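Structure file entry.txt (compact mmCIF, C-alpha atoms) follows.
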```txt
# COMPACT_ATOMS: atom_id res chain seq x y z
CA MET A 24 -6.48 44.07 16.25
CA ASN A 25 -8.14 41.69 13.77
CA ASP A 26 -11.55 42.92 12.59
CA GLN A 27 -12.15 40.05 10.15
CA LYS A 28 -15.27 38.04 10.93
CA LEU A 29 -15.15 34.26 10.67
CA GLU A 30 -18.13 32.11 9.82
CA PRO A 31 -19.30 29.81 12.65
CA GLY A 32 -17.66 26.39 12.76
CA LEU A 33 -14.52 24.53 13.78
CA TYR A 34 -11.12 25.74 12.56
CA ILE A 35 -8.22 23.29 12.95
CA VAL A 36 -5.10 25.46 13.14
CA ALA A 37 -1.55 24.13 12.78
CA THR A 38 0.92 26.04 14.95
CA PRO A 39 4.75 26.22 14.91
CA ILE A 40 6.77 23.30 16.23
CA GLY A 41 9.69 25.62 16.95
CA ASN A 42 10.24 28.95 15.27
CA LEU A 43 7.18 31.15 15.80
CA SER A 44 7.78 32.72 12.38
CA ASP A 45 6.60 29.43 10.86
CA LEU A 46 3.00 30.40 11.67
CA SER A 47 1.20 31.08 8.39
CA PRO A 48 -0.56 34.42 7.79
CA ARG A 49 -3.86 32.57 7.45
CA ALA A 50 -3.35 30.80 10.79
CA ALA A 51 -2.52 34.14 12.42
CA MET A 52 -5.71 35.62 10.96
CA VAL A 53 -7.87 32.81 12.35
CA LEU A 54 -6.25 33.02 15.79
CA GLY A 55 -6.94 36.74 15.78
CA ALA A 56 -10.58 36.40 14.75
CA ALA A 57 -11.89 33.22 16.43
CA ASP A 58 -14.53 33.65 19.10
CA VAL A 59 -12.71 31.13 21.27
CA ILE A 60 -9.57 29.00 20.95
CA ALA A 61 -9.51 25.45 22.35
CA VAL A 62 -5.98 24.78 23.62
CA GLU A 63 -3.93 22.05 25.29
CA ASP A 64 -2.10 24.45 27.61
CA THR A 65 -3.15 28.10 27.97
CA ARG A 66 0.37 29.12 28.96
CA VAL A 67 1.88 27.72 25.75
CA THR A 68 -0.74 29.19 23.44
CA ALA A 69 -0.67 32.54 25.26
CA ARG A 70 2.90 33.04 24.06
CA LEU A 71 1.83 32.35 20.47
CA LEU A 72 -1.13 34.72 20.72
CA GLN A 73 1.15 37.40 22.13
CA HIS A 74 3.46 36.88 19.14
CA VAL A 75 0.62 37.58 16.67
CA GLY A 76 -1.02 40.27 18.78
CA SER A 77 -4.20 38.32 19.46
CA ARG A 78 -6.22 38.59 22.66
CA ARG A 79 -8.91 36.05 21.87
CA PRO A 80 -10.30 33.99 24.78
CA MET A 81 -8.94 30.48 25.32
CA THR A 82 -10.54 27.39 26.82
CA PRO A 83 -8.63 24.25 27.88
CA TYR A 84 -9.27 21.13 25.79
CA HIS A 85 -7.03 18.15 26.51
CA ASP A 86 -7.00 14.45 27.44
CA HIS A 87 -8.24 15.03 30.98
CA ASN A 88 -11.29 17.19 30.25
CA ALA A 89 -12.20 16.39 26.63
CA GLU A 90 -15.21 14.18 27.37
CA ARG A 91 -16.72 16.81 29.64
CA VAL A 92 -15.88 19.87 27.54
CA ARG A 93 -16.54 18.57 24.02
CA PRO A 94 -20.38 18.80 23.96
CA GLY A 95 -20.28 22.46 25.00
CA LEU A 96 -17.66 23.31 22.38
CA VAL A 97 -19.65 21.62 19.62
CA ALA A 98 -22.78 23.53 20.71
CA ARG A 99 -20.87 26.83 20.48
CA MET A 100 -19.80 26.05 16.92
CA ALA A 101 -23.36 26.58 15.71
CA THR A 102 -23.02 30.34 16.25
CA GLU A 103 -19.32 30.92 16.93
CA ALA A 104 -15.95 30.33 15.29
CA VAL A 105 -14.02 27.85 17.45
CA ALA A 106 -10.31 27.35 16.71
CA LEU A 107 -8.54 24.18 17.82
CA VAL A 108 -4.76 24.20 18.40
CA SER A 109 -2.27 21.85 20.00
CA ASP A 110 0.81 23.00 21.90
CA ALA A 111 2.83 22.59 18.71
CA GLY A 112 2.24 21.30 15.22
CA THR A 113 -0.93 20.02 13.61
CA PRO A 114 -3.86 19.11 15.88
CA LEU A 115 -5.12 15.50 15.74
CA ILE A 116 -1.62 14.13 15.00
CA SER A 117 -0.92 11.90 18.02
CA ASP A 118 -3.69 13.53 20.08
CA PRO A 119 -7.43 12.80 20.56
CA GLY A 120 -8.70 15.86 18.67
CA TYR A 121 -10.34 13.66 16.04
CA LYS A 122 -13.27 13.14 18.42
CA LEU A 123 -14.02 16.85 18.34
CA VAL A 124 -13.98 16.80 14.53
CA ARG A 125 -16.17 13.68 14.47
CA ASP A 126 -18.77 15.20 16.80
CA ALA A 127 -18.69 18.54 14.99
CA ARG A 128 -19.41 16.84 11.67
CA ALA A 129 -22.19 14.78 13.25
CA ALA A 130 -23.76 18.05 14.42
CA GLY A 131 -23.62 19.52 10.93
CA VAL A 132 -20.84 21.96 11.80
CA THR A 133 -18.51 23.28 9.08
CA VAL A 134 -14.95 22.06 9.67
CA THR A 135 -12.03 23.96 8.14
CA THR A 136 -8.33 23.11 8.34
CA ILE A 137 -5.53 25.65 8.26
CA PRO A 138 -2.56 23.39 7.41
CA GLY A 139 0.96 23.98 8.56
CA PRO A 140 3.82 22.45 10.56
CA SER A 141 3.94 18.78 11.54
CA ALA A 142 6.93 17.26 13.32
CA ALA A 143 6.42 13.89 11.63
CA ILE A 144 6.51 15.35 8.11
CA ALA A 145 9.37 17.72 8.96
CA ALA A 146 11.46 14.81 10.30
CA LEU A 147 10.83 12.83 7.13
CA THR A 148 12.30 15.68 5.10
CA LEU A 149 15.39 15.76 7.30
CA ALA A 150 16.11 12.03 7.56
CA GLY A 151 17.23 11.29 4.01
CA LEU A 152 15.20 8.06 3.97
CA PRO A 153 12.58 6.93 1.41
CA THR A 154 9.36 8.92 1.65
CA ASP A 155 7.25 7.29 -1.09
CA ARG A 156 5.60 5.05 1.51
CA PHE A 157 5.61 5.77 5.24
CA ALA A 158 3.56 4.96 8.32
CA PHE A 159 3.17 7.11 11.44
CA HIS A 160 2.98 5.22 14.74
CA GLY A 161 3.08 8.02 17.32
CA PHE A 162 4.44 7.03 20.74
CA LEU A 163 5.24 3.37 21.35
CA PRO A 164 3.89 1.75 24.55
CA ALA A 165 6.08 2.19 27.63
CA LYS A 166 5.87 -1.44 28.85
CA PRO A 167 8.48 -3.70 27.18
CA GLY A 168 6.06 -6.44 26.16
CA ALA A 169 3.50 -4.14 24.60
CA ARG A 170 6.28 -2.13 22.96
CA ALA A 171 7.82 -5.25 21.39
CA ALA A 172 4.41 -6.30 20.03
CA ALA A 173 3.82 -2.86 18.55
CA ILE A 174 7.27 -2.87 16.91
CA ALA A 175 6.64 -6.31 15.41
CA GLU A 176 3.35 -5.08 13.97
CA ALA A 177 4.97 -1.93 12.58
CA GLY A 178 7.86 -3.93 11.11
CA ALA A 179 5.54 -5.80 8.75
CA PHE A 180 5.07 -2.57 6.79
CA ARG A 181 7.53 -2.36 3.90
CA GLY A 182 8.11 1.36 4.07
CA THR A 183 9.56 4.05 6.32
CA LEU A 184 8.31 4.23 9.92
CA VAL A 185 7.88 7.38 12.01
CA PHE A 186 7.68 7.45 15.82
CA TYR A 187 7.50 10.18 18.46
CA GLU A 188 9.55 9.84 21.63
CA SER A 189 10.74 11.69 24.73
CA GLY A 190 14.34 12.15 25.85
CA PRO A 191 14.24 9.84 28.90
CA ARG A 192 12.79 6.96 26.86
CA LEU A 193 14.82 7.46 23.67
CA GLY A 194 17.68 5.03 24.41
CA ALA A 195 15.38 2.17 25.45
CA THR A 196 13.11 2.73 22.46
CA LEU A 197 16.00 2.69 19.99
CA ALA A 198 17.34 -0.51 21.56
CA ALA A 199 13.90 -2.12 21.29
CA LEU A 200 13.60 -1.01 17.65
CA ALA A 201 17.05 -2.44 16.88
CA ASP A 202 16.07 -5.75 18.50
CA GLY A 203 12.75 -5.93 16.72
CA LEU A 204 13.61 -4.56 13.28
CA GLY A 205 17.28 -5.42 12.82
CA GLU A 206 19.88 -3.41 10.91
CA ARG A 207 17.77 -0.67 9.41
CA ASP A 208 18.93 2.85 8.63
CA ALA A 209 17.34 5.45 10.89
CA ALA A 210 17.43 9.05 12.03
CA VAL A 211 16.73 10.89 15.26
CA ALA A 212 15.48 14.44 14.72
CA ARG A 213 14.89 16.84 17.58
CA GLU A 214 14.28 20.52 18.27
CA ILE A 215 13.01 20.85 14.69
CA SER A 216 12.77 24.47 13.53
CA LYS A 217 14.46 25.67 16.72
CA ARG A 218 17.92 27.13 17.29
CA PHE A 219 19.51 23.80 18.26
CA GLU A 220 17.84 21.65 15.60
CA GLU A 221 19.69 18.36 15.21
CA THR A 222 19.30 15.27 13.04
CA VAL A 223 21.56 12.28 13.72
CA THR A 224 21.59 9.36 11.28
CA GLY A 225 22.93 5.81 11.45
CA THR A 226 21.67 2.27 11.90
CA LEU A 227 19.25 1.57 14.72
CA ALA A 228 21.99 -0.26 16.61
CA GLU A 229 24.40 2.67 16.25
CA LEU A 230 21.78 5.17 17.41
CA ALA A 231 20.83 2.92 20.35
CA VAL A 232 24.45 2.98 21.53
CA ARG A 233 24.72 6.75 21.06
CA TYR A 234 21.63 7.47 23.12
CA ALA A 235 22.00 4.66 25.70
CA GLU A 236 23.09 7.12 28.40
CA LEU A 237 22.22 10.40 26.70
CA GLU A 238 18.81 11.98 27.29
CA PRO A 239 18.46 14.81 24.79
CA LYS A 240 15.97 17.58 25.45
CA GLY A 241 13.10 18.68 23.26
CA GLU A 242 10.56 17.03 21.00
CA ILE A 243 12.03 13.94 19.32
CA VAL A 244 11.07 12.09 16.15
CA ILE A 245 12.54 8.70 15.19
CA VAL A 246 12.48 7.84 11.49
CA VAL A 247 13.26 4.23 10.52
CA GLY A 248 13.99 3.25 6.94
CA PRO A 249 12.25 0.33 5.20
CA PRO A 250 13.65 -3.19 5.37
CA GLY A 251 16.01 -4.38 2.68
CA GLU A 252 14.84 -6.61 -0.12
CA ALA A 253 13.56 -9.93 1.13
CA PRO A 254 15.92 -12.82 0.26
CA PRO A 255 14.77 -14.89 -2.71
CA ALA A 256 12.74 -17.94 -1.82
CA ALA A 257 14.55 -21.28 -1.88
CA GLU A 258 13.91 -23.41 -4.96
CA GLU A 259 12.47 -26.14 -2.74
CA GLU A 260 9.91 -23.70 -1.31
CA VAL A 261 8.82 -22.54 -4.76
CA GLU A 262 8.60 -26.14 -6.00
CA ALA A 263 6.45 -27.15 -3.02
CA ALA A 264 4.15 -24.19 -3.54
CA LEU A 265 3.80 -25.01 -7.24
CA ARG A 266 2.91 -28.65 -6.54
CA ASP A 267 0.36 -27.52 -3.98
CA ALA A 268 -1.18 -25.08 -6.46
CA LEU A 269 -1.33 -27.76 -9.17
CA ALA A 270 -3.44 -29.91 -6.89
CA ARG A 271 -6.08 -27.16 -6.98
CA LEU A 272 -5.60 -25.32 -10.26
CA PRO A 273 -4.75 -25.80 -13.95
CA ALA A 274 -1.08 -25.36 -14.84
CA ALA A 275 -1.39 -21.78 -16.12
CA LYS A 276 -3.28 -20.53 -13.08
CA ALA A 277 -1.00 -22.43 -10.69
CA ALA A 278 2.06 -20.86 -12.30
CA GLY A 279 0.48 -17.41 -12.09
CA GLU A 280 -0.40 -17.80 -8.41
CA VAL A 281 3.09 -18.94 -7.42
CA ALA A 282 4.79 -16.32 -9.61
CA LYS A 283 2.81 -13.57 -7.88
CA ARG A 284 3.52 -14.95 -4.42
CA PHE A 285 7.30 -15.33 -4.85
CA GLY A 286 8.06 -12.79 -7.55
CA ALA A 287 9.29 -15.61 -9.78
CA ASP A 288 9.24 -15.96 -13.57
CA ARG A 289 5.76 -17.05 -14.66
CA LYS A 290 6.87 -18.67 -17.94
CA ALA A 291 9.52 -20.77 -16.18
CA LEU A 292 6.99 -21.85 -13.58
CA TYR A 293 4.48 -22.81 -16.26
CA ALA A 294 7.11 -24.93 -18.01
CA ARG A 295 7.94 -26.63 -14.71
CA ALA A 296 4.24 -27.16 -14.00
CA MET A 297 3.83 -28.96 -17.33
CA GLN A 298 6.84 -31.15 -16.50
CA ILE A 299 5.26 -32.08 -13.15
CA LYS A 300 2.01 -33.00 -14.91
CA ASP A 301 3.87 -35.15 -17.46
CA GLU A 302 5.79 -36.92 -14.69
CA ALA A 303 2.50 -37.74 -12.96
CA LYS A 304 1.09 -39.54 -16.02
```

Have the structure of the file written as structure tokens, please.
Amino acid sequence: MNDQKLEPGLYIVATPIGNLSDLSPRAAMVLGAADVIAVEDTRVTARLLQHVGSRRPMTPYHDHNAERVRPGLVARMATEAVALVSDAGTPLISDPGYKLVRDARAAGVTVTTIPGPSAAIAALTLAGLPTDRFAFHGFLPAKPGARAAAIAEAGAFRGTLVFYESGPRLGATLAALADGLGERDAAVAREISKRFEETVTGTLAELAVRYAELEPKGEIVIVVGPPGEAPPAAEEEVEAALRDALARLPAAKAAGEVAKRFGADRKALYARAMQIKDEAK
């Protein structure tokens, strides 16, 4: 029985994505002391509360009732400690919980986060792909046209990409990613922190073939490595850009602009710019 009293406000509590032992002591304390816990699915969270010996009341808060329930929850935060959890992982990651935080802040409510597991971050650590720059895109659209457009938009980012996916859609999504992004290294991580945790690596095309007929169970994260280095621009393209810049700018500034755009040598471009000016006399 937890006799610790929490100050009124909203507590965002990260919960395990697999192994229940991943719940932090601080998260367990909050779940044992909150006046009410807002949950996606009472059945899922009930198992977690049983694990930590908590009997705090729960109230459903999910996509289908959020608009109706949110004002009442925010009102309760003025005098009560309200904990927010998702079925697994960190709330607000690929779910609409941000609206509850936004409205709580607008009402002057204190918002506290109890950080912990996140499938996206865990998959990044397993994939063996660059992590200095990454972008999280959640679930891609189900319709092929919208999915292709989303992949094209994501592909413009020169870093690692992270997507969530379900087993039945995995093969089609990997095939679409291979078509839209080309030969990039990737990883499929699933059942993270559970008994049958698995991470499979390869190119997008190789993974698309592997999962074409296979529908693995569990929560799935796709991690896609960044594109390779862009091929150097053709000399004709750089020359054309330099001549265009010279029509607008002095030689030094024109050379600087083109050097920055193409990653070319500024001194060499300046020398060429001076040659072009001499030829024009």

Margin query: So that I can check the surroundings of Ala171 of chain A, please list as number ranges by chain every protein, DNA and RNA residue that reaches within 12 Å of it, counting only C-alpha atoms and ignoring chain neighbours fewer than 5 positions away.
Written below: A: 163-166, 176-178, 195-204

Next item on the list: Calculate how many Å separate atom CA of Ala287 of chain A from atom CA of Thr154 of chain A, rounding to one decimal.
Entry: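 Interatomic distance, atom CA of Ala287 of chain A to atom CA of Thr154 of chain A: 27.1 Å.
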
Next item on the list: Find, counting all atoms listed in the file, the residue in A:Thr135, A:Thr102, A:Ser77, A:Ser216 that gets nearest to Leu149 of chain A.
Entry: A:Ser216

Leaving out Arg266 of chain A and any residue of its chain fewer than 6 positions from it, which residues lie within 12 Å of it when counting all atoms listed in the file, given as a PDB file with C-alpha atoms, in the coordinates of the input?
```pdb
ATOM      1  CA  GLU A 259      12.470 -26.140  -2.740  1.00  0.00           C
ATOM      2  CA  GLU A 260       9.910 -23.700  -1.310  1.00  0.00           C
ATOM      3  CA  LEU A 272      -5.600 -25.320 -10.260  1.00  0.00           C
ATOM      4  CA  PRO A 273      -4.750 -25.800 -13.950  1.00  0.00           C
ATOM      5  CA  ALA A 274      -1.080 -25.360 -14.840  1.00  0.00           C
ATOM      6  CA  ALA A 277      -1.000 -22.430 -10.690  1.00  0.00           C
ATOM      7  CA  ALA A 278       2.060 -20.860 -12.300  1.00  0.00           C
ATOM      8  CA  GLU A 280      -0.400 -17.800  -8.410  1.00  0.00           C
ATOM      9  CA  VAL A 281       3.090 -18.940  -7.420  1.00  0.00           C
ATOM     10  CA  LEU A 292       6.990 -21.850 -13.580  1.00  0.00           C
ATOM     11  CA  TYR A 293       4.480 -22.810 -16.260  1.00  0.00           C
ATOM     12  CA  ARG A 295       7.940 -26.630 -14.710  1.00  0.00           C
ATOM     13  CA  ALA A 296       4.240 -27.160 -14.000  1.00  0.00           C
ATOM     14  CA  MET A 297       3.830 -28.960 -17.330  1.00  0.00           C
ATOM     15  CA  GLN A 298       6.840 -31.150 -16.500  1.00  0.00           C
ATOM     16  CA  ILE A 299       5.260 -32.080 -13.150  1.00  0.00           C
ATOM     17  CA  LYS A 300       2.010 -33.000 -14.910  1.00  0.00           C
ATOM     18  CA  GLU A 302       5.790 -36.920 -14.690  1.00  0.00           C
ATOM     19  CA  ALA A 303       2.500 -37.740 -12.960  1.00  0.00           C
TER      20      ALA A 303
END
```

Next item on the list: Pick out the residues sitting within 10 Å of segment 220-227 of chain A, and hand them over as JSON, numbers by chain; count all atoms listed in the file, and ignore anything fewer than 5 positions along from it in its own chain.
Entry: {"A": [41, 146, 149, 150, 151, 152, 196, 197, 198, 199, 200, 201, 202, 204, 205, 206, 207, 208, 209, 210, 211, 212, 213, 214, 215, 232, 233, 241, 243, 244, 245, 246, 247, 248]}

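Taking atom CA of Tyr34 of chain A as the reference point, atom CA of Pro114 of chain A is found at 10.4 Å.
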
Check: Is there a way to get, as a PyMOL selection string, all residues within 7 Å of the point (-8.2, 17.5, 25.3) in file coordinates, counting all atoms listed in the file?
Finding: chain A and resi 63+84-89+119-120

Would you mind exporting C-alpha atoms of the selected residues as a compact mmCIF listing (two decimals), in the coordinates of the input?
```
# COMPACT_ATOMS: atom_id res chain seq x y z
CA GLU A 63 -3.93 22.05 25.29
CA TYR A 84 -9.27 21.13 25.79
CA HIS A 85 -7.03 18.15 26.51
CA ASP A 86 -7.00 14.45 27.44
CA HIS A 87 -8.24 15.03 30.98
CA ASN A 88 -11.29 17.19 30.25
CA ALA A 89 -12.20 16.39 26.63
CA PRO A 119 -7.43 12.80 20.56
CA GLY A 120 -8.70 15.86 18.67
```

Notebook entry, point to check: Suppose you want the space between atom CA of Ala111 of chain A and atom CA of Glu236 of chain A; what is it in Å?
Noted result: 27.3 Å
